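Raw contents of final-v3.cif, mmCIF, C-alpha atoms:
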```cif
data_coords
#
loop_
_atom_site.group_PDB
_atom_site.id
_atom_site.type_symbol
_atom_site.label_atom_id
_atom_site.label_comp_id
_atom_site.auth_asym_id
_atom_site.auth_seq_id
_atom_site.Cartn_x
_atom_site.Cartn_y
_atom_site.Cartn_z
ATOM 1 C CA MET L 86 -9.652 16.590 60.935
ATOM 2 C CA PRO L 87 -11.482 16.542 64.280
ATOM 3 C CA ARG L 88 -12.547 19.679 66.127
ATOM 4 C CA LEU L 89 -10.617 20.256 69.350
ATOM 5 C CA PHE L 90 -11.499 22.007 72.581
ATOM 6 C CA THR L 91 -10.287 22.034 76.161
ATOM 7 C CA GLY L 92 -12.662 21.278 78.972
ATOM 8 C CA LEU L 93 -13.512 19.791 82.330
ATOM 9 C CA GLU L 94 -15.005 16.345 82.642
ATOM 10 C CA VAL L 95 -18.220 15.940 84.620
ATOM 11 C CA PRO L 96 -17.904 13.026 87.068
ATOM 12 C CA GLU L 97 -20.162 10.050 86.502
ATOM 13 C CA SER L 98 -22.118 10.646 89.733
ATOM 14 C CA VAL L 99 -22.967 14.221 88.673
ATOM 15 C CA ALA L 100 -23.704 13.127 85.098
ATOM 16 C CA LEU L 101 -26.172 10.562 86.421
ATOM 17 C CA ARG L 102 -28.016 13.251 88.379
ATOM 18 C CA LEU L 103 -28.052 15.559 85.343
ATOM 19 C CA SER L 104 -29.365 12.751 83.142
ATOM 20 C CA LEU L 105 -32.509 12.616 85.286
ATOM 21 C CA LEU L 106 -33.464 15.969 83.708
ATOM 22 C CA ARG L 107 -33.779 14.345 80.272
ATOM 23 C CA GLY L 108 -37.201 14.129 78.662
ATOM 24 C CA GLY L 109 -40.338 16.210 78.589
ATOM 25 C CA LEU L 110 -39.232 18.705 75.948
ATOM 26 C CA GLY L 111 -40.127 17.966 72.329
ATOM 27 C CA GLY L 112 -37.452 19.025 69.854
ATOM 28 C CA ALA L 113 -34.630 18.441 72.335
ATOM 29 C CA ARG L 114 -31.669 16.299 71.282
ATOM 30 C CA TRP L 115 -30.389 15.112 74.652
ATOM 31 C CA ILE L 116 -26.637 14.915 75.155
ATOM 32 C CA GLU L 117 -25.338 11.544 76.326
ATOM 33 C CA PRO L 118 -24.313 11.748 80.013
ATOM 34 C CA GLY L 119 -20.802 10.523 79.186
ATOM 35 C CA ASP L 120 -20.377 13.607 76.977
ATOM 36 C CA TYR L 121 -21.297 16.186 79.634
ATOM 37 C CA HIS L 122 -18.436 18.635 80.129
ATOM 38 C CA VAL L 123 -17.580 22.267 80.855
ATOM 39 C CA THR L 124 -15.802 23.803 77.859
ATOM 40 C CA LEU L 125 -12.769 25.960 78.621
ATOM 41 C CA THR L 126 -11.577 26.957 75.134
ATOM 42 C CA PHE L 127 -12.917 26.014 71.716
ATOM 43 C CA VAL L 128 -9.969 25.475 69.367
ATOM 44 C CA GLY L 129 -11.614 24.216 66.177
ATOM 45 C CA GLU L 130 -10.130 22.114 63.396
ATOM 46 C CA ILE L 131 -6.331 22.122 63.328
ATOM 47 C CA ASP L 132 -3.692 19.909 61.722
ATOM 48 C CA GLY L 133 -1.646 17.299 63.559
ATOM 49 C CA ALA L 134 1.444 19.482 63.984
ATOM 50 C CA ALA L 135 -0.586 22.295 65.561
ATOM 51 C CA ALA L 136 -2.390 19.779 67.793
ATOM 52 C CA ARG L 137 0.958 18.467 69.092
ATOM 53 C CA GLU L 138 2.113 22.057 69.739
ATOM 54 C CA LEU L 139 -1.102 22.723 71.607
ATOM 55 C CA GLU L 140 -0.669 19.587 73.722
ATOM 56 C CA ASP L 141 2.810 20.813 74.712
ATOM 57 C CA GLU L 142 1.496 24.272 75.604
ATOM 58 C CA LEU L 143 -1.394 22.860 77.647
ATOM 59 C CA ALA L 144 1.042 20.659 79.596
ATOM 60 C CA GLN L 145 2.710 23.844 80.899
ATOM 61 C CA ILE L 146 -0.456 25.092 82.611
ATOM 62 C CA GLU L 147 -0.312 25.004 86.390
ATOM 63 C CA SER L 148 -3.372 25.046 88.603
ATOM 64 C CA GLU L 149 -4.454 23.488 91.843
ATOM 65 C CA PRO L 150 -7.573 21.313 92.073
ATOM 66 C CA PHE L 151 -10.732 23.341 92.638
ATOM 67 C CA CYS L 152 -14.464 22.967 93.100
ATOM 68 C CA VAL L 153 -17.017 23.466 90.313
ATOM 69 C CA ARG L 154 -20.591 24.300 91.287
ATOM 70 C CA LEU L 155 -23.569 23.738 88.988
ATOM 71 C CA THR L 156 -26.195 26.234 90.076
ATOM 72 C CA GLY L 157 -29.318 25.952 87.931
ATOM 73 C CA LEU L 158 -31.072 25.209 84.668
ATOM 74 C CA SER L 159 -31.218 27.736 81.859
ATOM 75 C CA SER L 160 -31.039 28.028 78.090
ATOM 76 C CA PHE L 161 -29.036 29.790 75.412
ATOM 77 C CA GLY L 162 -30.692 31.543 72.510
ATOM 78 C CA GLY L 163 -33.341 33.800 74.050
ATOM 79 C CA ASP L 164 -36.425 33.898 71.806
ATOM 80 C CA ARG L 165 -34.864 31.208 69.580
ATOM 81 C CA PRO L 166 -33.517 28.713 72.135
ATOM 82 C CA ARG L 167 -30.706 26.530 70.858
ATOM 83 C CA ALA L 168 -29.413 24.758 73.988
ATOM 84 C CA LEU L 169 -30.596 23.672 77.405
ATOM 85 C CA ILE L 170 -27.811 24.105 79.959
ATOM 86 C CA THR L 171 -26.872 23.959 83.593
ATOM 87 C CA SER L 172 -25.169 27.136 84.784
ATOM 88 C CA VAL L 173 -21.714 26.932 86.362
ATOM 89 C CA ASP L 174 -20.369 29.450 88.880
ATOM 90 C CA LEU L 175 -17.454 31.378 87.371
ATOM 91 C CA THR L 176 -15.008 31.186 90.260
ATOM 92 C CA SER L 177 -11.484 32.618 90.304
ATOM 93 C CA PRO L 178 -9.800 29.202 89.818
ATOM 94 C CA LEU L 179 -12.096 28.329 86.892
ATOM 95 C CA SER L 180 -11.545 31.735 85.299
ATOM 96 C CA ALA L 181 -7.767 31.417 85.705
ATOM 97 C CA LEU L 182 -7.716 27.961 84.102
ATOM 98 C CA GLN L 183 -9.896 29.141 81.212
ATOM 99 C CA THR L 184 -7.622 32.154 80.651
ATOM 100 C CA ALA L 185 -4.525 29.923 80.716
ATOM 101 C CA SER L 186 -6.156 27.628 78.146
ATOM 102 C CA ASP L 187 -6.915 30.620 75.889
ATOM 103 C CA ARG L 188 -3.291 31.770 76.206
ATOM 104 C CA ALA L 189 -2.009 28.326 75.189
ATOM 105 C CA VAL L 190 -4.145 28.512 72.048
ATOM 106 C CA ARG L 191 -2.799 31.990 71.246
ATOM 107 C CA ARG L 192 0.810 30.839 71.743
ATOM 108 C CA ILE L 193 0.462 28.381 68.859
ATOM 109 C CA GLY L 194 -0.866 31.161 66.641
ATOM 110 C CA LEU L 195 -4.613 30.555 66.864
ATOM 111 C CA GLU L 196 -7.335 32.876 68.085
ATOM 112 C CA PRO L 197 -9.771 31.523 70.691
ATOM 113 C CA GLU L 198 -13.433 32.505 70.594
ATOM 114 C CA ARG L 199 -14.115 36.148 71.366
ATOM 115 C CA ARG L 200 -17.460 35.593 73.064
ATOM 116 C CA ARG L 201 -17.583 36.279 76.776
ATOM 117 C CA TYR L 202 -16.862 33.067 78.663
ATOM 118 C CA THR L 203 -20.027 31.620 80.192
ATOM 119 C CA PRO L 204 -19.257 28.293 81.860
ATOM 120 C CA HIS L 205 -22.026 25.723 81.551
ATOM 121 C CA VAL L 206 -22.862 22.098 80.870
ATOM 122 C CA THR L 207 -25.021 21.552 77.780
ATOM 123 C CA ILE L 208 -27.615 18.876 78.455
ATOM 124 C CA ALA L 209 -29.636 19.216 75.227
ATOM 125 C CA ARG L 210 -29.442 20.862 71.814
ATOM 126 C CA LEU L 211 -32.728 22.419 70.756
ATOM 127 C CA ASN L 212 -34.227 22.551 67.280
ATOM 128 C CA GLY L 213 -37.566 24.211 66.656
ATOM 129 C CA VAL L 214 -38.381 24.547 70.356
ATOM 130 C CA SER L 215 -40.235 27.724 71.292
ATOM 131 C CA ALA L 216 -39.104 30.015 74.064
ATOM 132 C CA GLY L 217 -42.450 29.266 75.751
ATOM 133 C CA GLY L 218 -41.764 25.525 75.564
ATOM 134 C CA VAL L 219 -38.365 26.000 77.182
ATOM 135 C CA ALA L 220 -39.846 28.281 79.850
ATOM 136 C CA GLY L 221 -42.476 25.642 80.607
ATOM 137 C CA TYR L 222 -39.837 22.914 80.867
ATOM 138 C CA LEU L 223 -37.645 25.039 83.162
ATOM 139 C CA GLY L 224 -40.624 26.009 85.325
ATOM 140 C CA GLU L 225 -41.535 22.369 85.905
ATOM 141 C CA ARG L 226 -38.062 21.297 87.037
ATOM 142 C CA PHE L 227 -36.445 21.607 90.428
ATOM 143 C CA PHE L 228 -32.659 21.886 90.222
ATOM 144 C CA GLU L 229 -30.600 21.121 93.283
ATOM 145 C CA PRO L 230 -27.097 22.639 92.986
ATOM 146 C CA MET L 231 -24.284 20.135 92.537
ATOM 147 C CA GLU L 232 -20.548 20.338 93.137
ATOM 148 C CA PHE L 233 -17.516 18.367 92.109
ATOM 149 C CA THR L 234 -13.760 18.718 92.435
ATOM 150 C CA VAL L 235 -11.711 19.230 89.295
ATOM 151 C CA ARG L 236 -8.426 17.343 89.414
ATOM 152 C CA ARG L 237 -7.543 17.611 85.713
ATOM 153 C CA PHE L 238 -8.552 19.300 82.498
ATOM 154 C CA VAL L 239 -8.543 17.609 79.116
ATOM 155 C CA LEU L 240 -8.145 18.184 75.403
ATOM 156 C CA TYR L 241 -11.237 16.810 73.676
ATOM 157 C CA SER L 242 -11.871 15.983 70.054
ATOM 158 C CA ALA L 243 -15.300 15.920 68.438
ATOM 159 C CA ARG L 244 -16.730 14.809 65.134
ATOM 160 C CA THR L 245 -16.774 17.564 62.550
ATOM 161 C CA SER L 246 -20.368 16.930 61.464
ATOM 162 C CA ARG L 247 -22.274 18.528 64.353
ATOM 163 C CA GLY L 248 -22.045 19.347 68.039
ATOM 164 C CA GLY L 249 -23.126 17.106 70.845
ATOM 165 C CA GLY L 250 -20.554 14.332 70.769
ATOM 166 C CA PRO L 251 -19.334 11.790 70.979
ATOM 167 C CA TYR L 252 -16.287 13.417 72.494
ATOM 168 C CA THR L 253 -12.911 11.737 72.918
ATOM 169 C CA VAL L 254 -10.267 12.691 75.478
ATOM 170 C CA GLU L 255 -7.090 13.168 73.437
ATOM 171 C CA ALA L 256 -4.873 14.258 76.356
ATOM 172 C CA ALA L 257 -5.318 14.886 80.087
ATOM 173 C CA TYR L 258 -3.523 17.437 82.257
ATOM 174 C CA PRO L 259 -3.538 16.866 86.012
ATOM 175 C CA LEU L 260 -3.930 19.831 88.339
ATOM 176 C CA ARG L 261 -1.278 19.960 91.013
#
```

Could you show the structure in this file as structure tokens?
Amino acid sequence: MPRLFTGLEVPESVALRLSLLRGGLGGARWIEPGDYHVTLTFVGEIDGAAARELEDELAQIESEPFCVRLTGLSSFGGDRPRALITSVDLTSPLSALQTASDRAVRRIGLEPERRRYTPHVTIARLNGVSAGGVAGYLGERFFEPMEFTVRRFVLYSARTSRGGGPYTVEAAYPLR
């Protein structure tokens, strides 16, 4: 069974610019630019019947298109960094869409993640990279903020073996 999550696609033009940040950090497993995304709600592994229910619930979500702004480079994991990310502004429209996605998951009887929502785009997974190495990498990079308009959100599937893709769009939900 694949793992499912809802998210926002990163347009190819923005992904190309983000891909220029790849390299220069030993121990980084760089995410393929076609797999860059902003997660809304992690669902996990569910059976086919639950997935179809979820698709129906997600189709009921209403939102207008909105702008997403990538604001800087950072990492998750503190003294034991595990991911290199670009930060995303948590705007009202993004927060509302993420909350609606969580509610859809709850309506089919599942519990979304309890961690505080921190929108981001993961550009690398880190293994055995020191906090000093990450700090050095971040200090050497200039990040120019980027924006794109979200016109749909999607239901992604991922391999069960490990994070980082490849991701497949299972269903798309236009914003109107």

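The shell of residues at most 8 Å from L:Val206, with only C-alpha atoms counted and near chain neighbours (fewer than 2 positions) removed, consists of Tyr121, His122, Val123, Thr124, Ile170, Thr171, Ser172, Val173, Pro204 and Ile208 of chain L.
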
Selected residues, C-alpha atoms, written as a compact mmCIF listing (two decimals), in the frame of the given file, please.
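So the final result, stored in again.txt, reads:
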```txt
# COMPACT_ATOMS: atom_id res chain seq x y z
CA TYR L 121 -21.30 16.19 79.63
CA HIS L 122 -18.44 18.64 80.13
CA VAL L 123 -17.58 22.27 80.86
CA THR L 124 -15.80 23.80 77.86
CA ILE L 170 -27.81 24.10 79.96
CA THR L 171 -26.87 23.96 83.59
CA SER L 172 -25.17 27.14 84.78
CA VAL L 173 -21.71 26.93 86.36
CA PRO L 204 -19.26 28.29 81.86
CA ILE L 208 -27.62 18.88 78.46
```

Set the distance at 10 Å and use only C-alpha atoms: which residues neighbour L:Asp132 once local chain neighbours fewer than 3 positions away are removed? I'd like the list as a VMD selection string. chain L and resid 86 to 88 135 to 137

I'd like the neighbourhood of stretch 215-218 of chain L as a short mmCIF file (atom, residue, chain, number, x, y, z; two decimals) with C-alpha atoms, in the frame of the given file, where a residue qualifies if any of its atoms comes within 8 Å (using all atoms listed in the file), though same-chain residues fewer than 5 positions away should be ignored.
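Written file, selection32.cif:
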```
data_model
loop_
_atom_site.label_atom_id
_atom_site.label_comp_id
_atom_site.auth_asym_id
_atom_site.auth_seq_id
_atom_site.Cartn_x
_atom_site.Cartn_y
_atom_site.Cartn_z
CA LEU L 110 -39.23 18.70 75.95
CA GLY L 163 -33.34 33.80 74.05
CA ASP L 164 -36.42 33.90 71.81
CA ARG L 165 -34.86 31.21 69.58
CA PRO L 166 -33.52 28.71 72.14
#
```

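Residues surrounding L:Val214 within 12 Å are Gly109, Leu110, Gly111, Gly112, Ala113, Arg114, Ser160, Phe161, Gly162, Gly163, Asp164, Arg165, Pro166, Arg167, Ala168, Leu169, Ala209, Arg210, Leu211, Asn212, Ala216, Gly217, Gly218, Val219, Ala220, Gly221 and Tyr222 of chain L [all atoms listed in the file; sequence separation below 2 positions excluded].
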
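Applied to the file shown here, the PyMOL selection byres ((chain L and resi 197) around 12) selects the residues Leu89, Phe90, Thr91, Leu125, Thr126, Phe127, Val128, Gly129, Glu130, Gln183, Thr184, Ala185, Ser186, Asp187, Arg188, Ala189, Val190, Arg191, Arg192, Ile193, Gly194, Leu195, Glu196, Glu198, Arg199, Arg200, Arg201 and Tyr202 of chain L.
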
Need to verify the contact set: stretch 144-149 of chain L, 8 Å, only C-alpha atoms, exclusion of same-chain residues closer than 6 positions in sequence. Can you return it as a count of residues only? 8

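In this structure, atom CA of L:Leu240 sits 5.2 Å away from atom CA of L:Ala256.
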
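Between atom CA of L:Pro96 and atom CA of L:Arg237 the separation is 11.4 Å.
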
Where is the centre and how long are the edges: axis-aligned box on stretch 96-102 of chain L, 3 Å on each side, Å to one decimal, as AutoDock Vina command-line options:
```
--center_x -23.0 --center_y 12.1 --center_z 87.4 --size_x 16.1 --size_y 10.2 --size_z 10.6
```

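Proximity of L:Leu223, L:Glu97, L:Gly92, L:Pro118 to L:Val239, computed with all atoms listed in the file, is greatest for L:Gly92.
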
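Atom pair atom CA of L:Gly119 / atom CA of L:Ser177: separated by 26.4 Å.
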
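Take the candidates L:Ser104, L:Asp120, L:Phe227, L:Ser98 and check each one against L:Ala243 using all atoms listed in the file; the shortest distance goes to L:Asp120.
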
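Of the listed residues L:Glu138, L:Leu143, L:Glu117, L:Arg226, the one whose atoms come nearest to L:Ala100 is L:Glu117, with distances taken using all atoms listed in the file.
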
Would you mind completing stretch 143-174 of chain L to N, CA and C atoms and writing the output as a compact mmCIF listing (two decimals), in the frame of the given file?
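The resulting file, part.txt, is shown below:
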```txt
# COMPACT_ATOMS: atom_id res chain seq x y z
N LEU L 143 -0.45 23.17 76.57
CA LEU L 143 -1.39 22.86 77.65
C LEU L 143 -0.71 22.17 78.82
N ALA L 144 0.31 21.37 78.54
CA ALA L 144 1.04 20.66 79.60
C ALA L 144 1.78 21.62 80.52
N GLN L 145 1.99 22.86 80.08
CA GLN L 145 2.71 23.84 80.90
C GLN L 145 1.79 24.57 81.88
N ILE L 146 0.50 24.39 81.74
CA ILE L 146 -0.46 25.09 82.61
C ILE L 146 -0.40 24.52 84.01
N GLU L 147 -0.33 25.42 84.99
CA GLU L 147 -0.31 25.00 86.39
C GLU L 147 -1.54 25.55 87.09
N SER L 148 -2.20 24.67 87.82
CA SER L 148 -3.37 25.05 88.60
C SER L 148 -3.54 24.01 89.69
N GLU L 149 -4.12 24.44 90.78
CA GLU L 149 -4.45 23.49 91.84
C GLU L 149 -5.87 22.98 91.62
N PRO L 150 -6.19 21.79 92.16
CA PRO L 150 -7.57 21.31 92.07
C PRO L 150 -8.53 22.35 92.67
N PHE L 151 -9.74 22.38 92.14
CA PHE L 151 -10.73 23.34 92.64
C PHE L 151 -12.13 22.76 92.48
N CYS L 152 -13.08 23.42 93.10
CA CYS L 152 -14.46 22.97 93.10
C CYS L 152 -15.25 23.68 92.00
N VAL L 153 -16.09 22.92 91.30
CA VAL L 153 -17.02 23.47 90.31
C VAL L 153 -18.42 23.28 90.87
N ARG L 154 -19.22 24.34 90.77
CA ARG L 154 -20.59 24.30 91.29
C ARG L 154 -21.58 24.56 90.16
N LEU L 155 -22.47 23.59 89.94
CA LEU L 155 -23.57 23.74 88.99
C LEU L 155 -24.73 24.35 89.76
N THR L 156 -25.27 25.45 89.26
CA THR L 156 -26.20 26.23 90.08
C THR L 156 -27.64 26.24 89.61
N GLY L 157 -27.92 25.91 88.36
CA GLY L 157 -29.32 25.95 87.93
C GLY L 157 -29.48 25.60 86.47
N LEU L 158 -30.73 25.49 86.06
CA LEU L 158 -31.07 25.21 84.67
C LEU L 158 -31.36 26.51 83.94
N SER L 159 -30.98 26.56 82.67
CA SER L 159 -31.22 27.74 81.86
C SER L 159 -31.16 27.32 80.39
N SER L 160 -31.18 28.31 79.52
CA SER L 160 -31.04 28.03 78.09
C SER L 160 -30.24 29.13 77.43
N PHE L 161 -29.69 28.81 76.26
CA PHE L 161 -29.04 29.79 75.41
C PHE L 161 -29.93 30.02 74.20
N GLY L 162 -29.99 31.25 73.75
CA GLY L 162 -30.69 31.54 72.51
C GLY L 162 -31.86 32.49 72.64
N GLY L 163 -32.26 32.84 73.86
CA GLY L 163 -33.34 33.80 74.05
C GLY L 163 -34.64 33.36 73.40
N ASP L 164 -35.16 34.19 72.48
CA ASP L 164 -36.42 33.90 71.81
C ASP L 164 -36.33 32.73 70.83
N ARG L 165 -35.09 32.35 70.47
CA ARG L 165 -34.86 31.21 69.58
C ARG L 165 -33.91 30.24 70.28
N PRO L 166 -34.40 29.54 71.32
CA PRO L 166 -33.52 28.71 72.14
C PRO L 166 -32.80 27.64 71.31
N ARG L 167 -31.51 27.51 71.59
CA ARG L 167 -30.71 26.53 70.86
C ARG L 167 -30.06 25.48 71.76
N ALA L 168 -30.02 25.73 73.08
CA ALA L 168 -29.41 24.76 73.99
C ALA L 168 -30.03 24.89 75.37
N LEU L 169 -30.18 23.75 76.01
CA LEU L 169 -30.60 23.67 77.40
C LEU L 169 -29.33 23.39 78.20
N ILE L 170 -29.08 24.19 79.24
CA ILE L 170 -27.81 24.10 79.96
C ILE L 170 -28.02 24.09 81.47
N THR L 171 -26.96 23.69 82.17
CA THR L 171 -26.87 23.96 83.59
C THR L 171 -25.80 25.03 83.76
N SER L 172 -26.10 26.04 84.53
CA SER L 172 -25.17 27.14 84.78
C SER L 172 -24.06 26.67 85.71
N VAL L 173 -22.87 27.23 85.53
CA VAL L 173 -21.71 26.93 86.36
C VAL L 173 -21.20 28.24 86.94
N ASP L 174 -20.95 28.26 88.25
CA ASP L 174 -20.37 29.45 88.88
C ASP L 174 -19.00 29.74 88.27
```
